[in-house]
Each structure stands twice: as structure tokens, then as C-alpha cells.
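Shown below: protein_34.txt, with compact mmCIF, C-alpha atoms.
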# COMPACT_ATOMS: atom_id res chain seq x y z
CA PRO E 1 0.00 0.00 0.00
CA TYR E 2 2.99 2.36 0.17
CA PHE E 3 2.77 3.44 -3.46
CA GLN E 4 -0.97 4.09 -3.20
CA PHE E 5 -0.63 6.18 -0.05
CA GLY E 6 2.23 8.10 -1.65
CA VAL E 7 -0.09 9.00 -4.54
CA ARG E 8 -2.92 9.96 -2.18
CA LEU E 9 -0.70 12.15 -0.01
CA SER E 10 0.84 13.89 -3.02
CA HIS E 11 -2.64 14.67 -4.33
CA PHE E 12 -3.31 16.64 -1.14
CA ASN E 13 -0.01 18.50 -1.51
CA ARG E 14 1.65 16.54 1.29
CA CYS E 15 4.79 15.74 -0.64
CA ASP E 16 7.06 16.01 2.37
CA GLU E 17 5.39 12.83 3.61
CA ALA E 18 4.62 11.28 0.22
CA VAL E 19 8.27 11.05 -0.84
CA TYR E 20 9.00 8.71 2.07
CA PHE E 21 6.35 6.30 0.80
CA PHE E 22 7.71 6.44 -2.76
CA LYS E 23 11.24 5.84 -1.47
CA ALA E 24 10.12 2.82 0.55
CA PHE E 25 8.23 1.33 -2.37
CA SER E 26 11.07 1.96 -4.82
CA THR E 27 13.43 -0.22 -2.77
CA VAL E 28 11.13 -3.15 -3.54
CA PHE E 29 9.75 -2.19 -6.94
CA PRO E 30 11.58 0.71 -8.64
CA ALA E 31 9.03 1.05 -11.45
CA ARG E 32 8.53 3.96 -13.82
CA GLU E 33 5.36 5.08 -11.97
CA VAL E 34 7.21 5.33 -8.66
CA VAL E 35 10.09 7.31 -10.12
CA ASN E 36 7.71 9.60 -12.03
CA ASN E 37 5.58 10.41 -8.97
CA TRP E 38 8.65 10.91 -6.82
CA GLY E 39 9.86 13.40 -9.40
CA LEU E 40 6.47 15.12 -9.34
CA CYS E 41 6.89 15.79 -5.64
CA GLU E 42 10.24 17.45 -6.32
CA LEU E 43 8.58 19.48 -9.08
CA GLN E 44 5.85 20.59 -6.67
CA ARG E 45 8.43 21.64 -4.10
CA ALA E 46 10.19 23.66 -6.79
CA ARG E 47 6.92 25.35 -7.74
CA GLN E 48 6.37 26.37 -4.15
CA GLU E 49 9.85 27.86 -4.04
CA LEU E 50 9.33 29.66 -7.36
CA GLY E 51 6.07 31.25 -6.17
CA LYS E 52 4.17 33.24 -8.79
CA ALA E 53 6.89 32.63 -11.35
CA ALA E 54 5.83 28.97 -11.46
CA TYR E 55 2.44 29.97 -12.81
CA THR E 56 3.42 32.42 -15.51
CA TYR E 57 1.94 29.67 -17.67
CA TRP E 58 -0.39 26.87 -16.66
CA LEU E 59 1.65 23.69 -17.17
CA PRO E 60 -0.47 20.70 -16.10
CA SER E 61 1.81 17.84 -15.12
CA MET E 62 0.51 14.29 -15.16
CA LEU E 63 -0.68 13.64 -11.62
CA ASP E 64 -0.56 17.46 -11.00
CA VAL E 65 0.02 18.00 -7.25
CA THR E 66 -0.68 21.81 -7.41
CA SER E 67 -4.47 21.44 -7.64
CA GLN E 68 -5.36 20.89 -3.98
CA ILE E 69 -3.89 23.78 -2.04
CA ASP E 70 -6.31 25.53 0.29
CA GLY E 71 -5.66 29.06 1.49
CA PHE E 72 -2.83 29.30 -1.02
CA SER E 73 -0.58 32.34 -1.20
CA LEU E 74 2.06 32.92 -3.84
CA PRO E 75 5.20 34.87 -3.00
CA SER E 76 6.21 37.33 -5.68
CA VAL E 77 9.56 37.07 -7.39
CA PRO E 78 10.87 40.44 -8.60
CA LYS E 79 11.01 40.68 -12.37
CA GLY E 80 14.42 39.79 -13.70
CA GLU E 81 15.53 38.08 -10.51
CA GLU E 82 17.15 34.72 -11.07
CA MET E 83 15.69 31.46 -9.88
CA SER E 84 16.74 30.55 -6.34
CA SER E 85 19.38 27.88 -5.92
CA LEU E 86 16.90 25.73 -3.97
CA ALA E 87 14.32 25.85 -6.76
CA ARG E 88 16.99 24.95 -9.30
CA ARG E 89 18.20 22.00 -7.21
CA LEU E 90 14.66 20.69 -6.82
CA LEU E 91 14.02 20.99 -10.53
CA LYS E 92 17.25 19.17 -11.29
CA LYS E 93 16.21 16.35 -8.94
CA ALA E 94 12.79 16.18 -10.59
CA LYS E 95 14.40 16.09 -14.02
CA ALA E 96 16.69 13.24 -12.97
CA SER E 97 13.66 11.24 -11.80
CA PHE E 98 11.78 11.74 -15.07
CA ASN E 99 14.86 10.80 -17.10
CA LYS E 100 15.25 7.67 -14.98
CA ALA E 101 11.64 6.72 -15.67
CA LEU E 102 12.24 7.21 -19.39
CA VAL E 103 15.29 4.96 -19.31
CA MET E 104 12.94 2.27 -18.01
CA GLU E 105 10.40 3.00 -20.76
CA PRO E 106 11.07 5.75 -23.33
CA SER E 107 7.42 5.81 -24.43
CA TYR E 108 6.06 6.42 -20.92
CA LEU E 109 3.78 9.41 -21.51
CA PRO E 110 3.65 10.99 -18.01
CA ALA E 111 7.43 11.19 -17.69
CA ASN E 112 7.76 12.79 -21.14
CA VAL E 113 5.18 15.45 -20.23
CA ASN E 114 6.71 16.12 -16.83
CA LEU E 115 10.24 16.25 -18.24
CA ALA E 116 9.10 18.83 -20.79
CA ILE E 117 7.59 21.00 -18.05
CA THR E 118 10.67 20.73 -15.83
CA ALA E 119 13.06 21.56 -18.66
CA PHE E 120 10.80 24.50 -19.57
CA TYR E 121 11.17 25.89 -16.04
CA LEU E 122 14.94 25.45 -16.31
CA GLU E 123 14.87 27.31 -19.66
CA GLU E 124 16.39 24.29 -21.37
CA HIS E 125 14.26 24.93 -24.42
CA LEU E 126 15.61 22.30 -26.80
CA GLU E 127 15.20 19.53 -24.25
CA ALA E 128 11.72 20.75 -23.34
CA GLN E 129 10.72 20.79 -27.01
CA ALA E 130 12.09 17.29 -27.61
CA ALA E 131 10.19 15.87 -24.64
CA ILE E 132 6.86 17.51 -25.48
CA GLU E 133 7.26 16.47 -29.11
CA LYS E 134 7.59 12.87 -27.95
CA ALA E 135 4.53 13.25 -25.72
CA TYR E 136 2.58 14.74 -28.63
CA GLN E 137 3.52 11.78 -30.82
CA LEU E 138 2.32 9.40 -28.10
CA ALA E 139 -1.00 11.19 -27.54
CA PRO E 140 -1.75 13.44 -30.54
CA ASN E 141 -5.47 13.74 -29.71
CA ASP E 142 -5.01 14.84 -26.10
CA LEU E 143 -6.07 18.50 -25.99
CA GLU E 144 -4.06 19.22 -22.84
CA ILE E 145 -0.89 17.92 -24.49
CA GLN E 146 -1.71 19.80 -27.68
CA GLY E 147 -1.81 23.02 -25.68
CA LEU E 148 1.50 22.28 -23.96
CA HIS E 149 3.03 21.33 -27.31
CA ILE E 150 2.07 24.69 -28.81
CA LEU E 151 3.28 26.69 -25.82
CA ILE E 152 6.63 24.96 -25.36
CA LYS E 153 7.40 24.75 -29.08
CA TYR E 154 6.63 28.35 -30.03
CA GLN E 155 6.59 30.56 -26.91
CA HIS E 156 10.34 31.17 -26.82
CA LYS E 157 10.98 32.36 -30.39
CA GLN E 158 7.61 32.49 -32.16
CA PRO E 159 5.08 33.86 -29.63
CA GLN E 160 2.76 35.16 -32.35
CA LYS E 161 2.49 31.67 -33.78
CA ALA E 162 1.76 30.32 -30.30
CA ILE E 163 -1.04 32.86 -29.81
CA GLN E 164 -2.64 31.97 -33.13
CA ALA E 165 -2.35 28.22 -32.57
CA LEU E 166 -3.83 28.45 -29.06
CA GLU E 167 -6.70 30.57 -30.41
CA LYS E 168 -7.46 27.89 -32.98
CA LEU E 169 -7.24 25.14 -30.36
CA ALA E 170 -9.57 27.08 -28.05
CA GLN E 171 -12.35 26.75 -30.61
CA GLN E 172 -12.55 22.99 -30.14
CA PRO E 173 -15.20 21.54 -27.81
CA ASN E 174 -14.14 20.54 -24.28
CA VAL E 175 -10.80 22.31 -24.58
CA PRO E 176 -8.91 22.53 -21.24
CA LEU E 177 -9.01 25.87 -19.44
CA SER E 178 -5.21 25.92 -19.45
CA VAL E 179 -5.36 26.78 -23.17
CA PHE E 180 -7.29 29.99 -22.44
CA TYR E 181 -5.05 30.90 -19.50
CA ASN E 182 -1.83 30.51 -21.49
CA ARG E 183 -3.20 32.45 -24.43
CA ALA E 184 -4.16 35.33 -22.13
CA ARG E 185 -0.66 35.33 -20.67
CA LEU E 186 0.93 35.52 -24.11
CA LEU E 187 -1.41 38.30 -25.22
CA GLU E 188 -0.48 40.38 -22.16
CA GLN E 189 3.24 39.74 -22.47
CA HIS E 190 3.31 40.87 -26.08
CA GLY E 191 1.04 43.88 -25.79
CA ARG E 192 -1.91 42.38 -27.62
CA SER E 193 -5.55 43.04 -26.82
CA GLY E 194 -8.04 40.36 -25.83
CA ALA E 195 -6.59 39.15 -22.54
CA ASP E 196 -9.20 40.94 -20.40
CA ASP E 197 -12.05 39.02 -22.02
CA ILE E 198 -10.27 35.73 -21.34
CA TRP E 199 -9.61 36.60 -17.69
CA GLN E 200 -13.30 37.36 -17.25
CA GLN E 201 -14.22 34.09 -18.93
CA LEU E 202 -11.91 32.18 -16.58
CA ALA E 203 -13.22 34.11 -13.56
CA ARG E 204 -16.73 32.85 -14.31
CA GLN E 205 -15.35 29.32 -14.00
CA ALA E 206 -13.13 29.99 -10.99
CA ALA E 207 -14.46 26.98 -9.09
CA LYS E 208 -12.93 24.69 -11.70
CA LEU E 209 -9.45 26.21 -11.51
CA PRO E 210 -6.57 24.84 -9.41
CA GLU E 211 -6.00 27.09 -6.41
CA PRO E 212 -2.75 28.75 -7.59
CA ILE E 213 -4.27 29.49 -11.00
CA ARG E 214 -7.52 30.75 -9.49
CA HIS E 215 -5.55 33.02 -7.16
CA LEU E 216 -3.81 34.66 -10.13
CA VAL E 217 -6.95 34.89 -12.27
CA CYS E 218 -8.81 36.61 -9.44
CA GLU E 219 -5.97 39.14 -9.20
CA LYS E 220 -6.65 40.02 -12.83
CA THR E 221 -10.41 40.44 -12.52
CA ALA E 222 -13.15 40.06 -9.94
CA CYS E 223 -14.21 36.48 -9.26
CA ALA E 224 -17.60 35.62 -7.88
CA VAL E 225 -17.47 34.90 -4.15
CA GLN E 226 -18.58 31.36 -3.47
CA ARG E 227 -20.83 30.80 -0.53
CA LYS E 228 -19.74 27.94 1.64
CA GLN E 229 -22.60 25.56 2.18
CA SER E 230 -22.85 22.53 4.38
CA PRO E 231 -22.83 19.24 2.47
CA LYS E 232 -26.11 17.38 2.20
CA ALA E 233 -24.39 14.08 3.00
CA THR E 234 -21.37 13.03 5.05
CA TRP E 235 -19.00 10.11 4.76
CA GLY E 236 -19.60 7.39 7.31
CA LEU E 237 -16.06 6.82 8.52
CA PRO E 238 -15.27 3.65 10.46
CA VAL E 239 -12.64 5.60 12.43
CA LYS E 240 -12.55 9.32 13.18
CA LEU E 241 -9.78 11.43 11.74
CA GLY E 242 -7.20 12.59 14.26
CA VAL E 243 -7.87 9.92 16.88
CA ARG E 244 -5.00 8.04 18.45
CA THR E 245 -4.43 4.53 17.15
CA ARG E 246 -3.08 3.18 20.39
CA ARG E 247 -5.66 0.99 22.10
CA ASN E 248 -8.28 1.91 19.52
CA LYS E 249 -10.86 -0.86 19.71
CA THR E 250 -11.91 -0.58 16.07
CA LEU E 251 -8.41 -0.65 14.59
CA ALA E 252 -7.41 -3.47 16.93
CA ARG E 253 -9.70 -5.73 14.90
CA TRP E 254 -8.23 -4.66 11.55
CA GLN E 255 -5.25 -6.09 9.71
CA LYS E 256 -2.14 -4.01 10.34
CA SER E 257 0.64 -3.78 7.77
CA GLN E 258 4.15 -4.54 8.87
CA LYS E 259 5.80 -1.32 9.98
CA VAL E 260 8.59 -0.03 7.76
CA ARG E 261 9.14 3.09 9.88
CA LEU E 262 9.66 5.87 7.39
CA TYR E 263 12.08 8.19 9.13
CA ASP E 264 10.21 10.24 11.75
CA ILE E 265 6.61 10.03 10.50
CA TYR E 266 5.95 6.65 12.20
CA GLU E 267 3.41 5.40 9.70
CA GLN E 268 0.78 2.78 10.47
CA ILE E 269 -1.49 1.25 7.83
CA TYR E 270 -4.65 -0.67 8.70
CA ARG E 271 -7.02 -2.61 6.44
CA GLN E 272 -10.57 -3.80 6.90
CA ASN E 273 -10.96 -6.55 4.31
CA ASP E 274 -11.37 -4.80 0.95
CA THR E 275 -13.70 -2.08 2.17
CA ALA E 276 -11.47 0.46 3.91
CA GLU E 277 -7.91 1.46 4.76
CA VAL E 278 -6.53 3.82 7.38
CA LEU E 279 -3.23 5.68 7.36
CA ALA E 280 -1.95 6.92 10.69
CA LEU E 281 1.04 9.23 11.02
CA LYS E 282 2.77 9.80 14.35
CA GLY E 283 0.12 7.78 16.12
CA ARG E 284 -2.98 9.58 14.81
CA VAL E 285 -5.38 8.78 11.97
CA ALA E 286 -4.43 11.02 9.03
CA MET E 287 -6.46 9.49 6.17
CA VAL E 288 -9.37 7.11 5.75
CA VAL E 289 -9.80 5.37 2.39
CA LEU E 290 -13.26 4.05 1.59
CA LYS E 291 -13.74 1.35 -1.05
CA LYS E 292 -16.37 -0.89 -2.64
CA PHE E 293 -19.37 1.30 -3.32
CA GLU E 294 -22.36 -0.64 -4.56
CA ARG E 295 -24.74 2.25 -5.17
CA LEU E 296 -22.64 5.41 -5.03
CA THR E 297 -22.26 7.02 -8.45
CA GLN E 298 -20.15 9.86 -9.74
CA ASP E 299 -23.24 12.10 -9.81
CA ASP E 300 -23.84 11.47 -6.09
CA LEU E 301 -20.49 12.93 -5.02
CA SER E 302 -21.51 16.59 -5.15
CA ALA E 303 -23.89 16.00 -2.23
CA TYR E 304 -20.85 15.32 -0.02
CA CYS E 305 -19.36 18.76 -0.71
CA GLY E 306 -20.82 22.20 -0.10
CA GLN E 307 -19.25 23.62 -3.27
CA PRO E 308 -18.41 22.56 -6.84
CA LEU E 309 -16.03 19.64 -7.18
CA ARG E 310 -12.73 20.09 -8.97
CA GLU E 311 -11.69 17.63 -11.62
CA ARG E 312 -8.31 16.56 -12.85
CA THR E 313 -7.16 13.74 -15.07
CA VAL E 314 -4.62 11.21 -13.85
CA VAL E 315 -3.07 8.28 -15.64
CA SER E 316 -5.59 5.77 -14.31
CA GLY E 317 -8.74 7.86 -14.49
CA THR E 318 -10.10 11.04 -12.93
CA ILE E 319 -9.98 12.57 -9.46
CA LEU E 320 -12.88 14.68 -8.20
CA SER E 321 -11.96 16.72 -5.15
CA CYS E 322 -13.74 18.70 -2.47
CA ARG E 323 -11.00 21.22 -1.64
CA ASP E 324 -8.67 19.69 0.95
CA TYR E 325 -11.41 17.62 2.61
CA TRP E 326 -11.69 14.54 0.41
CA ALA E 327 -11.09 13.22 -3.09
CA ALA E 328 -12.71 10.46 -5.13
CA LEU E 329 -10.87 8.33 -7.68
CA ILE E 330 -13.05 7.59 -10.71
CA VAL E 331 -12.11 4.70 -13.00
CA ASP E 332 -14.29 3.74 -15.97
CA GLU E 333 -16.94 6.20 -14.71
CA LYS E 334 -17.24 4.32 -11.42
CA VAL E 335 -16.24 5.51 -7.94
CA LYS E 336 -13.32 3.28 -7.02
CA GLU E 337 -12.08 4.98 -3.84
CA VAL E 338 -12.75 7.98 -1.62
CA TRP E 339 -9.84 9.49 0.32
CA VAL E 340 -10.91 11.52 3.35
CA VAL E 341 -8.32 13.66 5.13
CA LYS E 342 -10.33 16.41 6.77
CA GLY E 343 -13.80 16.75 8.27
CA TYR E 344 -16.19 19.68 8.01
The structure in this file should be written as C-alpha cells.
Amino acid sequence: PYFQFGVRLSHFNRCDEAVYFFKAFSTVFPAREVVNNWGLCELQRARQELGKAAYTYWLPSMLDVTSQIDGFSLPSVPKGEEMSSLARRLLKKAKASFNKALVMEPSYLPANVNLAITAFYLEEHLEAQAAIEKAYQLAPNDLEIQGLHILIKYQHKQPQKAIQALEKLAQQPNVPLSVFYNRARLLEQHGRSGADDIWQQLARQAAKLPEPIRHLVCEKTACAVQRKQSPKATWGLPVKLGVRTRRNKTLARWQKSQKVRLYDIYEQIYRQNDTAEVLALKGRVAMVVLKKFERLTQDDLSAYCGQPLRERTVVSGTILSCRDYWAALIVDEKVKEVWVVKGY
């Protein structure tokens, strides 16, 4: 379960803990997925260090750990100031992980996309272009990758061509919002009109934007204030979040995984058949994973959140999230798991 909990923690922007799980799993099974997700955590750390500079463009990585940050604030980096040495080191570590994954399998799509993004941050334009070109060849119909391909290929030397290509792409149905965001950025940077209309369009869909992107869009134009409402339904958890595991009568009846002891987080993992899992850190329940839903459908999930759900695509399916409270993994249009980390 170490790989799965690493993925779940990284989704909630808890990479400081997630990397320990990826490291532990990689000693047993150093697969491409483990190395890629480990690299994503380093990329997320670099983005935090870069602050607003990380979101000059919207670069959706595959398993993008920037989407679930509540109460997010972005430090400004003065224009013209060089990247910090810490951010550069983290990006280099992320790049090494993605390259390692590609040695294992050169056609592994997530690592190609993430390598392109990391090289783009490092201003290694030729390497970024080569990686996104490979990703585009692997998934030519993916609109998200098409948008990244246009931006990374043309932004540096042919920005006008990038603007035109993104405008054409934006006319397709179901185009990702990142296409509009990046086009608005390019229009502003090159003194072209039209960006204000795009910012207003994005502001009307603010609930669907990842927190860092929403923060920046709402700096550009007024976003509608969402009223927080109580959910109509609540998750029936077998164990309360935050309770101590020691002498807990419920967990005492569950199967407990053999302790690996990941540095100083003192992890404990409990299972109840195939219906639920519990992750405890430092002796307290930190996450409850619910499984096997007979009647729960994707349409039912909104009742468990007092605001619109946010959606993102991952390699295995889709994740629908209720801020930093819970997330549901959807595979083949069915609710496979619900990860609960915070109560209302």
C-alpha cells in the first residue's frame, strides 16, 4: 500500500510525507510510476519555491500536485531576478527522476510530459521541445498535451504563432481551461488586446481552476465569491480522523501492515478486508480510504461537498476533489475509492 498512499498524499499536496512512501516502495519495486511520482513531488516543491513565477503559464503535469492547495498564497519574485538555488536544485532532482523513468520506458507518456515542463522551467528549451514532441507523438489527440506542445514549441521564439495556434485550439469543444489561460498570458506579455475578455471568462469558471491558478486569475479580474454551504451528505467513517491509534478498539480488529518506519513520521497502515484502509502518522489517523461502493455514483459525489467539485485527469482515471477535505478516484466512470483527510 505504500505506493498508493504516496499518490494519495501527493494529491493533497503533502509531498514532504509522500516522498517517504515512494522511497520505501522503490526499494522493492523501482518502477517507472514510482520514479515519475517521486519526481512530481520534487517538481511541486520547486513550484512552491518559485512562487508566482511557477504559474506564468499553466503547465499541467501528469498527476498534478498543485491542484489541492487551500488558502494558497504565492510569494512574488521580482522581475528579472534569477531562480533561487533551492528551486533549481529541486528541478534538477525532478528532471533526474523523469529521465530515470524514461530509461525504463522511453514511451512512458507521463514522464515525457513532466520532463518537458521541468526543462521548460529550467529554460532548457531544446530539451523541453524534444520531450513535449515525444509526448505529442504518443497522444496526438489529447487537448491538454496539444496546448502544452504549442506553448513549449513556439513561446520562446515564435510567440505570435503560439497565440494563433492556441486561439485555434480554443475553438474545439471541451478544450482545457489551461489553453485559455496561457493564451491570455501571451497576449499580455506581447502587448496584444483580448486578454481581459479571457480573464473574465476564466473568472466565471473559478471553481474549476486549481488554487494557484484561481488566485492569479482573481488578481486580474473580480471572481464571484462562493458561498460555503454545508454538504447534504457526510461520509460514514469507520474511524474518526485525528484519533490516536493506540488501544483503539476498532483498529485493533483490523489487519495491520508490517511497519517499515519511514524516518520520523511513524506510519501505520490498517485494512478492513477490501472495504477500507486507514493511514496513521505519528500515532494519529491522518487518512481514511473508503472502497467498494455498490450504489454510489459519480453524480452522487456533489452531495458530499458544499461547493463545486474540482476535476483533474490522472493516468488511471479522474480525481474529483472537495477542496482539501476529500477526493474520489473515478475509473471507468465508477467511484473506485474515496480518500478523506479532513472533516467539516
Nearby residues (all atoms listed in the file) at most 10 Å from Gly39 of chain E, same-chain spacing under 3 positions excluded, as an MDAnalysis selection string: chainID E and resid 19 22 33:36 42:45 90:101 111 114:115 118
Can I get the selected residues back with C-alpha atoms, as a PDB file, in the coordinates of the input?
ATOM      1  CA  VAL E  19       8.270  11.050  -0.840  1.00  0.00           C
ATOM      2  CA  PHE E  22       7.710   6.440  -2.760  1.00  0.00           C
ATOM      3  CA  GLU E  33       5.360   5.080 -11.970  1.00  0.00           C
ATOM      4  CA  VAL E  34       7.210   5.330  -8.660  1.00  0.00           C
ATOM      5  CA  VAL E  35      10.090   7.310 -10.120  1.00  0.00           C
ATOM      6  CA  ASN E  36       7.710   9.600 -12.030  1.00  0.00           C
ATOM      7  CA  GLU E  42      10.240  17.450  -6.320  1.00  0.00           C
ATOM      8  CA  LEU E  43       8.580  19.480  -9.080  1.00  0.00           C
ATOM      9  CA  GLN E  44       5.850  20.590  -6.670  1.00  0.00           C
ATOM     10  CA  ARG E  45       8.430  21.640  -4.100  1.00  0.00           C
ATOM     11  CA  LEU E  90      14.660  20.690  -6.820  1.00  0.00           C
ATOM     12  CA  LEU E  91      14.020  20.990 -10.530  1.00  0.00           C
ATOM     13  CA  LYS E  92      17.250  19.170 -11.290  1.00  0.00           C
ATOM     14  CA  LYS E  93      16.210  16.350  -8.940  1.00  0.00           C
ATOM     15  CA  ALA E  94      12.790  16.180 -10.590  1.00  0.00           C
ATOM     16  CA  LYS E  95      14.400  16.090 -14.020  1.00  0.00           C
ATOM     17  CA  ALA E  96      16.690  13.240 -12.970  1.00  0.00           C
ATOM     18  CA  SER E  97      13.660  11.240 -11.800  1.00  0.00           C
ATOM     19  CA  PHE E  98      11.780  11.740 -15.070  1.00  0.00           C
ATOM     20  CA  ASN E  99      14.860  10.800 -17.100  1.00  0.00           C
ATOM     21  CA  LYS E 100      15.250   7.670 -14.980  1.00  0.00           C
ATOM     22  CA  ALA E 101      11.640   6.720 -15.670  1.00  0.00           C
ATOM     23  CA  ALA E 111       7.430  11.190 -17.690  1.00  0.00           C
ATOM     24  CA  ASN E 114       6.710  16.120 -16.830  1.00  0.00           C
ATOM     25  CA  LEU E 115      10.240  16.250 -18.240  1.00  0.00           C
ATOM     26  CA  THR E 118      10.670  20.730 -15.830  1.00  0.00           C
TER      27      THR E 118
END
Residue among E:Arg204, E:Arg8, E:Arg253, E:Arg323 lying closest to Leu279 of chain E, counting only C-alpha atoms: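 For Leu279 of chain E, the nearest of the candidates is E:Arg8.
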Contacts of Ile319 of chain E at 9 Å (only C-alpha atoms; same-chain gap of 4+ positions) as a list in words: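 In the requested format, the answer is Arg310, Glu311, Arg312, Thr313, Val314, Ala327, Ala328, Leu329, Ile330 and Val331 of chain E.
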Contacts of segment 128-144 of chain E within 9 Å, all atoms listed in the file, excl. fewer than 6 positions in-chain, as number ranges by chain: E: 60, 107-121, 152-153, 169, 172, 174-179
Nearest candidate to Arg295 of chain E (options E:Val243, E:Ile269, E:Ala203, E:Val335; using only C-alpha atoms):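 The closest residue to Arg295 of chain E is E:Val335.
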Counting only C-alpha atoms, the residue of E:Val315, E:Leu251, E:Cys41, E:Ala195 that sits nearest Ala280 of chain E: E:Leu251
Pick from E:Gly147, E:Gly6, E:Pro1, E:Gly51, whichever lies nearest to Gln164 of chain E using all atoms listed in the file: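 Ranked by minimum distance to Gln164 of chain E, first place goes to E:Gly147.
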Once 8 Å is added on each side, what are the centre and the three edge lengths, in Å to one decimal, of the axis-aligned box enclosing the listed atoms of segment 113-119 of chain E? Present them as lines of an AutoDock Vina configuration file.
center_x = 9.1
center_y = 18.5
center_z = -18.3
size_x = 23.9
size_y = 22.1
size_z = 21.0
Local residues around (-23.4, 7.1, -9.5), at most 12 Å away, using only C-alpha atoms, as number ranges by chain: E: 293-303, 330, 332-336
Expected residue set, 12 Å radius at (-11.5, 36.2, -7.4), all atoms listed in the file, as a tab-separated table (two decimals) with C-alpha atoms, keeping the file's coordinate frame:
chain	number	residue	atom	x	y	z
E	199	TRP	CA	-9.61	36.60	-17.69
E	200	GLN	CA	-13.30	37.36	-17.25
E	202	LEU	CA	-11.91	32.18	-16.58
E	203	ALA	CA	-13.22	34.11	-13.56
E	204	ARG	CA	-16.73	32.85	-14.31
E	205	GLN	CA	-15.35	29.32	-14.00
E	206	ALA	CA	-13.13	29.99	-10.99
E	207	ALA	CA	-14.46	26.98	-9.09
E	209	LEU	CA	-9.45	26.21	-11.51
E	211	GLU	CA	-6.00	27.09	-6.41
E	212	PRO	CA	-2.75	28.75	-7.59
E	213	ILE	CA	-4.27	29.49	-11.00
E	214	ARG	CA	-7.52	30.75	-9.49
E	215	HIS	CA	-5.55	33.02	-7.16
E	216	LEU	CA	-3.81	34.66	-10.13
E	217	VAL	CA	-6.95	34.89	-12.27
E	218	CYS	CA	-8.81	36.61	-9.44
E	219	GLU	CA	-5.97	39.14	-9.20
E	220	LYS	CA	-6.65	40.02	-12.83
E	221	THR	CA	-10.41	40.44	-12.52
E	222	ALA	CA	-13.15	40.06	-9.94
E	223	CYS	CA	-14.21	36.48	-9.26
E	224	ALA	CA	-17.60	35.62	-7.88
E	225	VAL	CA	-17.47	34.90	-4.15
E	226	GLN	CA	-18.58	31.36	-3.47
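Here atom CA of Arg284 of chain E stands at a distance of 5.2 Å from atom CA of Gly242 of chain E.
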Point-to-point distance from atom CA of Leu237 of chain E to atom CA of Trp38 of chain E, Å rounded to tenths: 29.4 Å
Between atom CA of Leu241 of chain E and atom CA of Val285 of chain E - distance in Å to one decimal: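 According to the coordinates, atom CA of Val285 of chain E and atom CA of Leu241 of chain E are separated by 5.1 Å.
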Best match for closeness to Arg246 of chain E among E:Lys282, E:Gln160, E:Ala87, E:His125, counting all atoms listed in the file: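 Between E:Lys282, E:Gln160, E:Ala87, E:His125, the residue approaching Arg246 of chain E most closely is E:Lys282.
Nearest-residue note for Glu188 of chain E: choosing from E:Tyr304, E:Gln4, E:Pro159, E:Ala233, the minimum distance belongs to E:Pro159, counting all atoms listed in the file.
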